[in-house]
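Encoded as structure tokens, the structure appears first; notes follow it.
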Amino acid sequence: MTEPVRLLHLEDAELDHALVVAHLRRSGLALQERRVDTREQFALALQQPWDLVISDYHLPGFSGLDALRLLRAHEARTHTGPVPFILVSGQIGEDTAVEAMRNGASDYLLKNNLSRLAVAAEAALASAASHRARQRADRELAESRRQLSALAQHLQTSVETERHAIAREIHDDVGGTLTALKFELDWIRRHSGEPAVKQRAAAALESVTQAIGASQRIMQNLRPAILEQGLVAALQWLTQRFESRTGIGCRLRLPDAASGPLPSLPAGVPLVAYRTVQEALTNVGKHAAATRVVVDLALTGGVLSLEISDNGRGLASADLAKASSFGIRGLRERAATVGGWIDLSSGEGRGTSLILSVPLDGGLPPPRPPSGLDAEEAEWTTY
Ligand SMILES: Nc1ncnc2c1ncn2[C@@H]1O[C@H](COP(=O)(O)OP(=O)(O)O)[C@@H](O)[C@H]1O
Ligand SMILES: [Mg+2]
């Protein structure tokens, strides 16, 4: 059994009301109807939920269009609806009909031709139902996106916490043990009279030294200790290391020394900035086929921005949609953990530019780059 349709009928003639109800019932529609005939009664009735409103056009001191406006205003206030609204009138001019439709009426009919009423009511009810279903699906989609993004941000943060803990453990435990071992082996090498033992101890010492170097590298990757010397020092280290490892010229531009030292950055921001440059440079090395890259750190209007631009082959939106690529997606979520965002722009053969912006407290976001394309910029796309 389906629920009866709750019908609110605005009609001053009892006979016309009976006729409308009869037409609807004859078509097999289960109804739970109520008739009102003044503005006050209509407004009061709107406090209850309705599935369908049918309204006469001419009412004493009130019109069907007024009723439609009242209904839509009520829905806007209560974030409900829209409830389908059908205008039924003794005579209805074309202008009135057009205005009614423009204001969101579902249909209009003449009283002397009610044969279409049931079909019109069913169509209006079906369209309202599908509208509600779409709204529900949109809400659920938005909610699930929000949850996914919150989860991704949580994962980014917990990965960093975990890395930090592993780095500390390697430092305290493995690092300490290796250093102790190194002293022991050195002692054996120096105190042994046996050349063969001396030789073995020296070889072991070399292995231990290598292991110490490896554990330092691992720690540095897990948790960039260089950040303790500040973001600028860390960026200098990253860019120099990138240049010497890849042979791609890498220039770091810093804010004018005259404008004073960088203010101390909120917790979390330096690491987000560091990881952004790290991933962007890895991408340049891996994908861009570039010969030059510039890392530009700026602080304007209370917004920290960090731009990494290369002169490589550029990227297309299809590159960003790759199912198994999480680098740039991860950067967007990372940026969001400190209230920032990532902009990307690129053009075929004109390189790629990735910008991290983070408003430091009270700062205003800078104007976003244009997202549309005009003729001149047709090959330059902002993602
Ligand atoms: N600097 C760049 N130059 C050219 N293409 C790039 C650049 N950075 C990223 N891309 C493209 O965007 C894709 C997505 O990058 P990313 O999300 O970091 O994932 P991954 O590096 O794991 O593929 C890359 O696979 C590559 O095709
Ligand atoms: Mg990548």
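Chain labels follow the order of the structure tokens: the first chain is A, the next B, and so on; residue numbering restarts at 1 in every chain, and ligands are counted from 1 in their shown order.
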
Contacts to ligand 1 at 7 Å cut-off (only C-alpha atoms and all ligand atoms) as JSON, numbers by chain: {"A": [279, 280, 283, 284, 287, 288, 310, 312, 313, 314, 315, 319, 320, 322, 324, 325, 326, 327, 328, 329, 351, 352]}

Quick one: residues within 8 Å of range 25-39 of chain A, only C-alpha atoms counted, chain neighbours fewer than 3 positions away excluded, as a ChimeraX atom specification? /A:3-12,17,21-22,42-43,59-60,62,67,118

12 Å contact set for Pro224 in chain A, only C-alpha atoms, chain neighbours under 6 positions out, as a ChimeraX atom specification: /A:160,163-164,167-168,216-218,230-231,233-235,237-238,270-275,278

Dump of N, CA and C atoms for the selected residues, as a compact mmCIF listing (two decimals), in the first residue's frame:
# COMPACT_ATOMS: atom_id res chain seq x y z
N GLU A 160 52.71 11.18 8.82
CA GLU A 160 53.83 12.00 9.30
C GLU A 160 54.17 11.67 10.76
N ARG A 163 55.98 8.41 10.73
CA ARG A 163 57.35 8.57 10.22
C ARG A 163 58.26 9.17 11.28
N HIS A 164 57.71 10.17 11.97
CA HIS A 164 58.46 10.84 13.02
C HIS A 164 58.89 9.83 14.08
N ALA A 167 61.55 7.47 12.75
CA ALA A 167 62.85 8.16 12.66
C ALA A 167 63.49 8.26 14.04
N ARG A 168 62.66 8.56 15.06
CA ARG A 168 63.22 8.68 16.41
C ARG A 168 63.76 7.34 16.89
N GLN A 216 71.13 7.28 8.48
CA GLN A 216 70.94 8.73 8.46
C GLN A 216 70.10 9.15 7.24
N ARG A 217 70.37 8.50 6.11
CA ARG A 217 69.58 8.83 4.91
C ARG A 217 68.11 8.46 5.12
N ILE A 218 67.91 7.28 5.68
CA ILE A 218 66.52 6.86 5.92
C ILE A 218 65.81 7.84 6.86
N GLY A 230 64.99 25.51 9.89
CA GLY A 230 64.09 26.47 9.25
C GLY A 230 63.77 26.06 7.82
N LEU A 231 62.65 26.62 7.32
CA LEU A 231 62.18 26.26 5.99
C LEU A 231 63.18 26.67 4.91
N ALA A 233 66.47 27.02 5.02
CA ALA A 233 67.61 26.10 4.97
C ALA A 233 67.21 24.78 4.34
N ALA A 234 66.02 24.30 4.69
CA ALA A 234 65.55 23.02 4.15
C ALA A 234 65.36 23.11 2.64
N LEU A 235 64.82 24.25 2.17
CA LEU A 235 64.60 24.41 0.73
C LEU A 235 65.94 24.52 0.00
N TRP A 237 68.72 23.12 0.88
CA TRP A 237 69.27 21.77 0.87
C TRP A 237 68.58 20.92 -0.19
N LEU A 238 67.22 21.00 -0.22
CA LEU A 238 66.45 20.20 -1.19
C LEU A 238 66.81 20.55 -2.63
N PRO A 270 55.70 24.34 7.78
CA PRO A 270 56.99 24.05 7.14
C PRO A 270 57.05 22.63 6.54
N LEU A 271 56.50 21.66 7.25
CA LEU A 271 56.55 20.29 6.74
C LEU A 271 55.71 20.15 5.47
N VAL A 272 54.52 20.79 5.45
CA VAL A 272 53.67 20.76 4.25
C VAL A 272 54.43 21.42 3.08
N ALA A 273 55.09 22.55 3.36
CA ALA A 273 55.84 23.24 2.31
C ALA A 273 56.98 22.35 1.81
N TYR A 274 57.67 21.74 2.73
CA TYR A 274 58.81 20.88 2.38
C TYR A 274 58.35 19.70 1.51
N ARG A 275 57.29 19.02 1.95
CA ARG A 275 56.79 17.86 1.20
C ARG A 275 56.29 18.29 -0.18
N GLN A 278 59.31 18.78 -2.32
CA GLN A 278 59.90 17.46 -2.54
C GLN A 278 59.15 16.69 -3.64

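Across the structure, CA of Ile308 in chain A and CA of Thr276 in chain A are spaced 9.0 Å apart.
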
In Å to one decimal, how far is CA of Arg223 in chain A from CA of Val303 in chain A?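 Rounded to one decimal, the two atoms are 25.2 Å apart.
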
Residue neighbourhood range 181-195 of chain A, 12 Å, only C-alpha atoms, exclusion window fewer than 4 positions, as a compact mmCIF listing (two decimals) with N, CA and C atoms, in the first residue's frame:
# COMPACT_ATOMS: atom_id res chain seq x y z
N VAL A 174 68.74 2.07 16.69
CA VAL A 174 69.68 1.57 15.69
C VAL A 174 70.92 2.47 15.64
N GLY A 175 70.71 3.78 15.60
CA GLY A 175 71.84 4.72 15.50
C GLY A 175 72.79 4.55 16.67
N GLY A 176 72.19 4.49 17.88
CA GLY A 176 73.03 4.36 19.08
C GLY A 176 73.83 3.07 19.06
N THR A 177 73.19 1.97 18.69
CA THR A 177 73.86 0.67 18.68
C THR A 177 74.99 0.66 17.64
N GLN A 199 92.58 -6.61 9.75
CA GLN A 199 91.98 -6.43 8.42
C GLN A 199 90.47 -6.65 8.47
N ARG A 200 90.07 -7.74 9.18
CA ARG A 200 88.63 -8.02 9.30
C ARG A 200 87.91 -6.89 10.04
N ALA A 201 88.55 -6.41 11.11
CA ALA A 201 87.93 -5.34 11.91
C ALA A 201 87.76 -4.09 11.05
N ALA A 202 88.78 -3.80 10.23
CA ALA A 202 88.70 -2.61 9.37
C ALA A 202 87.57 -2.77 8.37
N ALA A 203 87.41 -3.99 7.81
CA ALA A 203 86.33 -4.22 6.84
C ALA A 203 84.98 -4.06 7.53
N ALA A 204 84.87 -4.63 8.76
CA ALA A 204 83.61 -4.52 9.50
C ALA A 204 83.30 -3.06 9.82
N LEU A 205 84.36 -2.33 10.15
CA LEU A 205 84.20 -0.90 10.47
C LEU A 205 83.62 -0.15 9.26
N GLU A 206 84.11 -0.50 8.10
CA GLU A 206 83.62 0.14 6.88
C GLU A 206 82.12 -0.15 6.67
N SER A 207 81.76 -1.43 6.90
CA SER A 207 80.34 -1.80 6.76
C SER A 207 79.48 -1.03 7.75
N VAL A 208 79.98 -0.94 9.00
CA VAL A 208 79.19 -0.22 10.01
C VAL A 208 79.05 1.24 9.61
N THR A 209 80.13 1.83 9.10
CA THR A 209 80.06 3.24 8.68
C THR A 209 79.02 3.41 7.58
N GLN A 210 79.00 2.44 6.68
CA GLN A 210 77.98 2.50 5.62
C GLN A 210 76.57 2.40 6.20
N ALA A 211 76.41 1.48 7.17
CA ALA A 211 75.08 1.31 7.78
C ALA A 211 74.66 2.59 8.51
N ILE A 212 75.63 3.26 9.14
CA ILE A 212 75.29 4.52 9.81
C ILE A 212 74.83 5.56 8.78
